[in-house]
$ cat start25.csv   # CSV, C-alpha atoms
chain,number,residue,atom,x,y,z
A,1,MET,CA,25.8,-15.6,4.0
A,2,THR,CA,22.5,-13.7,4.0
A,3,SER,CA,20.8,-12.5,0.8
A,4,TYR,CA,17.3,-11.2,0.0
A,5,GLN,CA,14.8,-11.9,-2.7
A,6,LEU,CA,11.4,-10.8,-4.0
A,7,ARG,CA,8.5,-13.2,-4.4
A,8,ASP,CA,5.0,-12.6,-5.7
A,9,THR,CA,2.7,-13.3,-2.7
A,10,THR,CA,-0.2,-14.7,-4.8
A,11,THR,CA,1.6,-16.9,-7.3
A,12,ARG,CA,4.7,-17.6,-5.1
A,13,GLN,CA,6.8,-16.9,-8.2
A,14,LEU,CA,10.4,-15.8,-7.4
A,15,LEU,CA,11.0,-12.5,-9.1
A,16,SER,CA,14.4,-11.5,-8.0
A,17,ARG,CA,17.1,-13.2,-5.9
A,18,ASP,CA,20.6,-12.8,-4.5
A,19,LEU,CA,20.0,-9.2,-3.4
A,20,ALA,CA,22.6,-7.8,-1.0
A,21,ASP,CA,20.2,-6.3,1.6
A,22,TYR,CA,16.7,-5.1,2.4
A,23,ALA,CA,17.3,-1.8,0.7
A,24,ALA,CA,18.4,-3.6,-2.5
A,25,ALA,CA,15.1,-5.7,-2.3
A,26,GLU,CA,13.1,-2.5,-2.1
A,27,ALA,CA,15.0,-1.0,-5.1
A,28,ALA,CA,14.4,-4.2,-7.1
A,29,ALA,CA,10.6,-3.8,-6.3
A,30,ASP,CA,10.8,-0.2,-7.6
A,31,ARG,CA,12.5,-1.3,-10.8
A,32,LEU,CA,9.9,-4.0,-11.3
A,33,ASP,CA,7.2,-1.4,-10.9
A,34,ASP,CA,8.8,0.8,-13.5
A,35,ALA,CA,9.4,-2.1,-15.9
A,36,LEU,CA,5.7,-3.2,-15.7
A,37,GLU,CA,4.4,0.4,-16.3
A,38,HIS,CA,6.8,0.7,-19.3
A,39,ALA,CA,5.7,-2.6,-20.8
A,40,LEU,CA,2.1,-1.7,-20.5
A,41,ALA,CA,2.7,1.7,-22.1
A,42,ALA,CA,4.7,0.2,-24.9
A,43,ASN,CA,1.7,-2.1,-25.7
A,44,GLY,CA,-0.7,0.9,-25.6
A,45,GLU,CA,-2.3,-0.5,-22.5
A,46,SER,CA,-3.3,1.3,-19.3
A,47,ALA,CA,-2.4,-0.2,-16.0
A,48,GLY,CA,-5.9,0.5,-14.7
A,49,ARG,CA,-5.5,0.0,-11.0
A,50,ILE,CA,-3.3,-3.1,-10.6
A,51,ARG,CA,-2.2,-4.0,-7.1
A,52,LEU,CA,0.6,-6.5,-6.7
A,53,ARG,CA,1.8,-7.6,-3.3
A,54,LEU,CA,5.4,-8.9,-3.0
A,55,ASP,CA,7.1,-10.7,-0.2
A,56,ILE,CA,10.6,-9.6,0.8
A,57,GLU,CA,12.4,-12.7,2.0
A,58,ARG,CA,15.7,-13.1,3.8
A,59,VAL,CA,17.7,-16.3,2.9
A,60,THR,CA,20.3,-17.4,5.4
A,61,GLY,CA,22.0,-20.8,5.2
A,62,GLY,CA,19.2,-22.1,2.9
A,63,VAL,CA,16.4,-21.0,5.3
A,64,THR,CA,13.9,-18.6,3.8
A,65,GLU,CA,12.0,-16.1,6.0
A,66,THR,CA,9.5,-13.5,5.0
A,67,VAL,CA,10.7,-10.2,6.5
A,68,GLY,CA,8.6,-7.6,4.8
A,69,HIS,CA,6.0,-6.8,2.1
A,70,HIS,CA,6.0,-4.4,-0.8
A,71,VAL,CA,2.7,-3.4,-2.5
A,72,LEU,CA,3.0,-2.1,-6.1
A,73,LEU,CA,0.1,0.1,-7.2
A,74,LEU,CA,0.1,0.5,-10.9
A,75,GLY,CA,-2.0,3.1,-12.7
A,76,VAL,CA,-3.2,5.0,-9.7
A,77,ASP,CA,-2.4,8.3,-11.4
A,78,ASP,CA,-4.0,7.4,-14.7
A,79,VAL,CA,-7.3,9.1,-14.2
A,80,SER,CA,-7.7,11.8,-11.5
A,81,ASP,CA,-11.4,12.6,-11.8
A,82,LEU,CA,-14.1,11.1,-14.0
A,83,LEU,CA,-16.7,13.7,-13.1
A,84,PRO,CA,-17.1,16.8,-15.4
A,85,ALA,CA,-16.2,20.2,-13.9
A,86,VAL,CA,-19.3,22.2,-12.7

$ encode --input "start25.csv" --output "structure tokens"
Amino acid sequence: MTSYQLRDTTTRQLLSRDLADYAAAEAAADRLDDALEHALAANGESAGRIRLRLDIERVTGGVTETVGHHVLLLGVDDVSDLLPAV
């Protein structure tokens, strides 16, 4: 049986597993993005410009294969322009 999972590319930490398909893995990445933004806001912190790269992995018969990547960009809409209007 095939399943999918998300792994942080840098730390290799497994973030989500036993996902039904590739679309479910992308949805899990979106939920992770929302949760991180919410946690930062709850602590009164700005995301700044945090970039996280996640591997989407397919697991079949105990064999793990990277089949895609997802990049989360947190805080890119926080500040649109730092220059004063002229």

$ residues_around --input "start25.csv" --residues "region 1-7 of chain A" --least-positions-apart "6" --cutoff "6 Å" --atoms "all atoms listed in the file" --output "list in words"
Gln13, Leu14, Leu15, Ser16, Arg17, Asp18, Leu19, Ala20, Asp21, Leu54, Asp55, Ile56, Glu57, Arg58, Val59 and Thr60 of chain A

$ closest_residue --input "start25.csv" --among "A:Ala39, A:Leu73, A:Leu32, A:Val67" --to "Leu52 (chain A)" --atoms "all atoms listed in the file"
A:Leu73

$ atom_distance --input "start25.csv" --atom1 "CA of Ala25 (chain A)" --atom2 "CA of Leu40 (chain A)"
22.7 Å

$ atom_distance --input "start25.csv" --atom1 "CA of Asp8 (chain A)" --atom2 "CA of His70 (chain A)"
9.6 Å

$ atom_distance --input "start25.csv" --atom1 "CA of Asp34 (chain A)" --atom2 "CA of Thr64 (chain A)"
26.5 Å

$ residues_around --input "start25.csv" --residues "Arg51 (chain A)" --least-positions-apart "6" --cutoff "8 Å" --atoms "all atoms listed in the file" --output "PyMOL selection string"
chain A and resi 71-74

$ decode --input "start25.csv" --residues "region 3-85 of chain A" --atoms "C-alpha atoms" --output "PDB file, in the first residue's frame"
ATOM      1  CA  SER A   3       1.187   6.459   1.338  1.00  0.00           C
ATOM      2  CA  TYR A   4       2.762   9.909   1.322  1.00  0.00           C
ATOM      3  CA  GLN A   5       4.513  11.999   3.942  1.00  0.00           C
ATOM      4  CA  LEU A   6       6.087  15.421   4.478  1.00  0.00           C
ATOM      5  CA  ARG A   7       9.646  15.880   5.693  1.00  0.00           C
ATOM      6  CA  ASP A   8      11.595  19.060   6.465  1.00  0.00           C
ATOM      7  CA  THR A   9      14.364  19.105   3.858  1.00  0.00           C
ATOM      8  CA  THR A  10      16.937  20.732   6.145  1.00  0.00           C
ATOM      9  CA  THR A  11      16.392  18.948   9.460  1.00  0.00           C
ATOM     10  CA  ARG A  12      15.024  15.711   7.921  1.00  0.00           C
ATOM     11  CA  GLN A  13      12.285  15.794  10.595  1.00  0.00           C
ATOM     12  CA  LEU A  14       9.132  13.924   9.591  1.00  0.00           C
ATOM     13  CA  LEU A  15       6.221  16.374   9.829  1.00  0.00           C
ATOM     14  CA  SER A  16       3.268  14.345   8.571  1.00  0.00           C
ATOM     15  CA  ARG A  17       2.822  10.730   7.507  1.00  0.00           C
ATOM     16  CA  ASP A  18       0.248   8.199   6.312  1.00  0.00           C
ATOM     17  CA  LEU A  19      -1.271  10.644   3.808  1.00  0.00           C
ATOM     18  CA  ALA A  20      -3.507   9.071   1.168  1.00  0.00           C
ATOM     19  CA  ASP A  21      -2.065  10.709  -1.956  1.00  0.00           C
ATOM     20  CA  TYR A  22       0.025  13.560  -3.341  1.00  0.00           C
ATOM     21  CA  ALA A  23      -2.891  16.013  -3.084  1.00  0.00           C
ATOM     22  CA  ALA A  24      -3.282  15.146   0.599  1.00  0.00           C
ATOM     23  CA  ALA A  25       0.427  15.858   1.110  1.00  0.00           C
ATOM     24  CA  GLU A  26       0.035  19.290  -0.511  1.00  0.00           C
ATOM     25  CA  ALA A  27      -3.019  19.981   1.681  1.00  0.00           C
ATOM     26  CA  ALA A  28      -1.005  18.982   4.774  1.00  0.00           C
ATOM     27  CA  ALA A  29       1.721  21.456   3.740  1.00  0.00           C
ATOM     28  CA  ASP A  30      -0.903  24.194   3.426  1.00  0.00           C
ATOM     29  CA  ARG A  31      -2.261  23.360   6.894  1.00  0.00           C
ATOM     30  CA  LEU A  32       1.275  23.471   8.287  1.00  0.00           C
ATOM     31  CA  ASP A  33       1.770  26.900   6.709  1.00  0.00           C
ATOM     32  CA  ASP A  34      -1.457  28.177   8.297  1.00  0.00           C
ATOM     33  CA  ALA A  35      -0.571  26.691  11.708  1.00  0.00           C
ATOM     34  CA  LEU A  36       2.885  28.297  11.697  1.00  0.00           C
ATOM     35  CA  GLU A  37       1.500  31.717  10.739  1.00  0.00           C
ATOM     36  CA  HIS A  38      -1.187  31.409  13.438  1.00  0.00           C
ATOM     37  CA  ALA A  39       1.343  30.387  16.122  1.00  0.00           C
ATOM     38  CA  LEU A  40       3.597  33.323  15.264  1.00  0.00           C
ATOM     39  CA  ALA A  41       0.669  35.757  15.364  1.00  0.00           C
ATOM     40  CA  ALA A  42      -0.555  34.350  18.698  1.00  0.00           C
ATOM     41  CA  ASN A  43       2.867  35.089  20.175  1.00  0.00           C
ATOM     42  CA  GLY A  44       2.870  38.602  18.733  1.00  0.00           C
ATOM     43  CA  GLU A  45       5.668  37.724  16.342  1.00  0.00           C
ATOM     44  CA  SER A  46       5.969  38.486  12.686  1.00  0.00           C
ATOM     45  CA  ALA A  47       7.015  35.748  10.341  1.00  0.00           C
ATOM     46  CA  GLY A  48       9.504  38.065   8.685  1.00  0.00           C
ATOM     47  CA  ARG A  49      10.396  36.211   5.543  1.00  0.00           C
ATOM     48  CA  ILE A  50      10.764  32.607   6.558  1.00  0.00           C
ATOM     49  CA  ARG A  51      11.290  30.073   3.793  1.00  0.00           C
ATOM     50  CA  LEU A  52      10.784  26.387   4.572  1.00  0.00           C
ATOM     51  CA  ARG A  53      11.379  23.641   2.047  1.00  0.00           C
ATOM     52  CA  LEU A  54       9.552  20.355   2.507  1.00  0.00           C
ATOM     53  CA  ASP A  55      10.061  17.071   0.697  1.00  0.00           C
ATOM     54  CA  ILE A  56       6.975  15.152  -0.358  1.00  0.00           C
ATOM     55  CA  GLU A  57       7.821  11.472  -0.098  1.00  0.00           C
ATOM     56  CA  ARG A  58       6.020   8.388  -1.384  1.00  0.00           C
ATOM     57  CA  VAL A  59       6.297   5.277   0.796  1.00  0.00           C
ATOM     58  CA  THR A  60       5.636   1.924  -0.853  1.00  0.00           C
ATOM     59  CA  GLY A  61       6.464  -1.368   0.829  1.00  0.00           C
ATOM     60  CA  GLY A  62       8.793   0.340   3.300  1.00  0.00           C
ATOM     61  CA  VAL A  63      10.737   2.105   0.529  1.00  0.00           C
ATOM     62  CA  THR A  64      10.746   5.931   0.711  1.00  0.00           C
ATOM     63  CA  GLU A  65      11.183   8.025  -2.432  1.00  0.00           C
ATOM     64  CA  THR A  66      11.147  11.825  -2.720  1.00  0.00           C
ATOM     65  CA  VAL A  67       8.580  12.702  -5.386  1.00  0.00           C
ATOM     66  CA  GLY A  68       8.176  16.443  -4.951  1.00  0.00           C
ATOM     67  CA  HIS A  69       8.963  19.571  -3.007  1.00  0.00           C
ATOM     68  CA  HIS A  70       6.856  22.249  -1.390  1.00  0.00           C
ATOM     69  CA  VAL A  71       8.252  25.628  -0.383  1.00  0.00           C
ATOM     70  CA  LEU A  72       6.448  27.565   2.349  1.00  0.00           C
ATOM     71  CA  LEU A  73       6.993  31.323   2.266  1.00  0.00           C
ATOM     72  CA  LEU A  74       5.854  32.829   5.555  1.00  0.00           C
ATOM     73  CA  GLY A  75       5.422  36.563   5.965  1.00  0.00           C
ATOM     74  CA  VAL A  76       5.888  37.623   2.359  1.00  0.00           C
ATOM     75  CA  ASP A  77       2.818  39.879   2.615  1.00  0.00           C
ATOM     76  CA  ASP A  78       3.771  41.468   5.949  1.00  0.00           C
ATOM     77  CA  VAL A  79       5.366  44.627   4.544  1.00  0.00           C
ATOM     78  CA  SER A  80       4.594  45.711   1.031  1.00  0.00           C
ATOM     79  CA  ASP A  81       6.794  48.819   0.763  1.00  0.00           C
ATOM     80  CA  LEU A  82       9.221  50.385   3.215  1.00  0.00           C
ATOM     81  CA  LEU A  83       9.772  53.563   1.178  1.00  0.00           C
ATOM     82  CA  PRO A  84       7.609  56.606   1.932  1.00  0.00           C
ATOM     83  CA  ALA A  85       5.210  57.825  -0.731  1.00  0.00           C
TER      84      ALA A  85
END
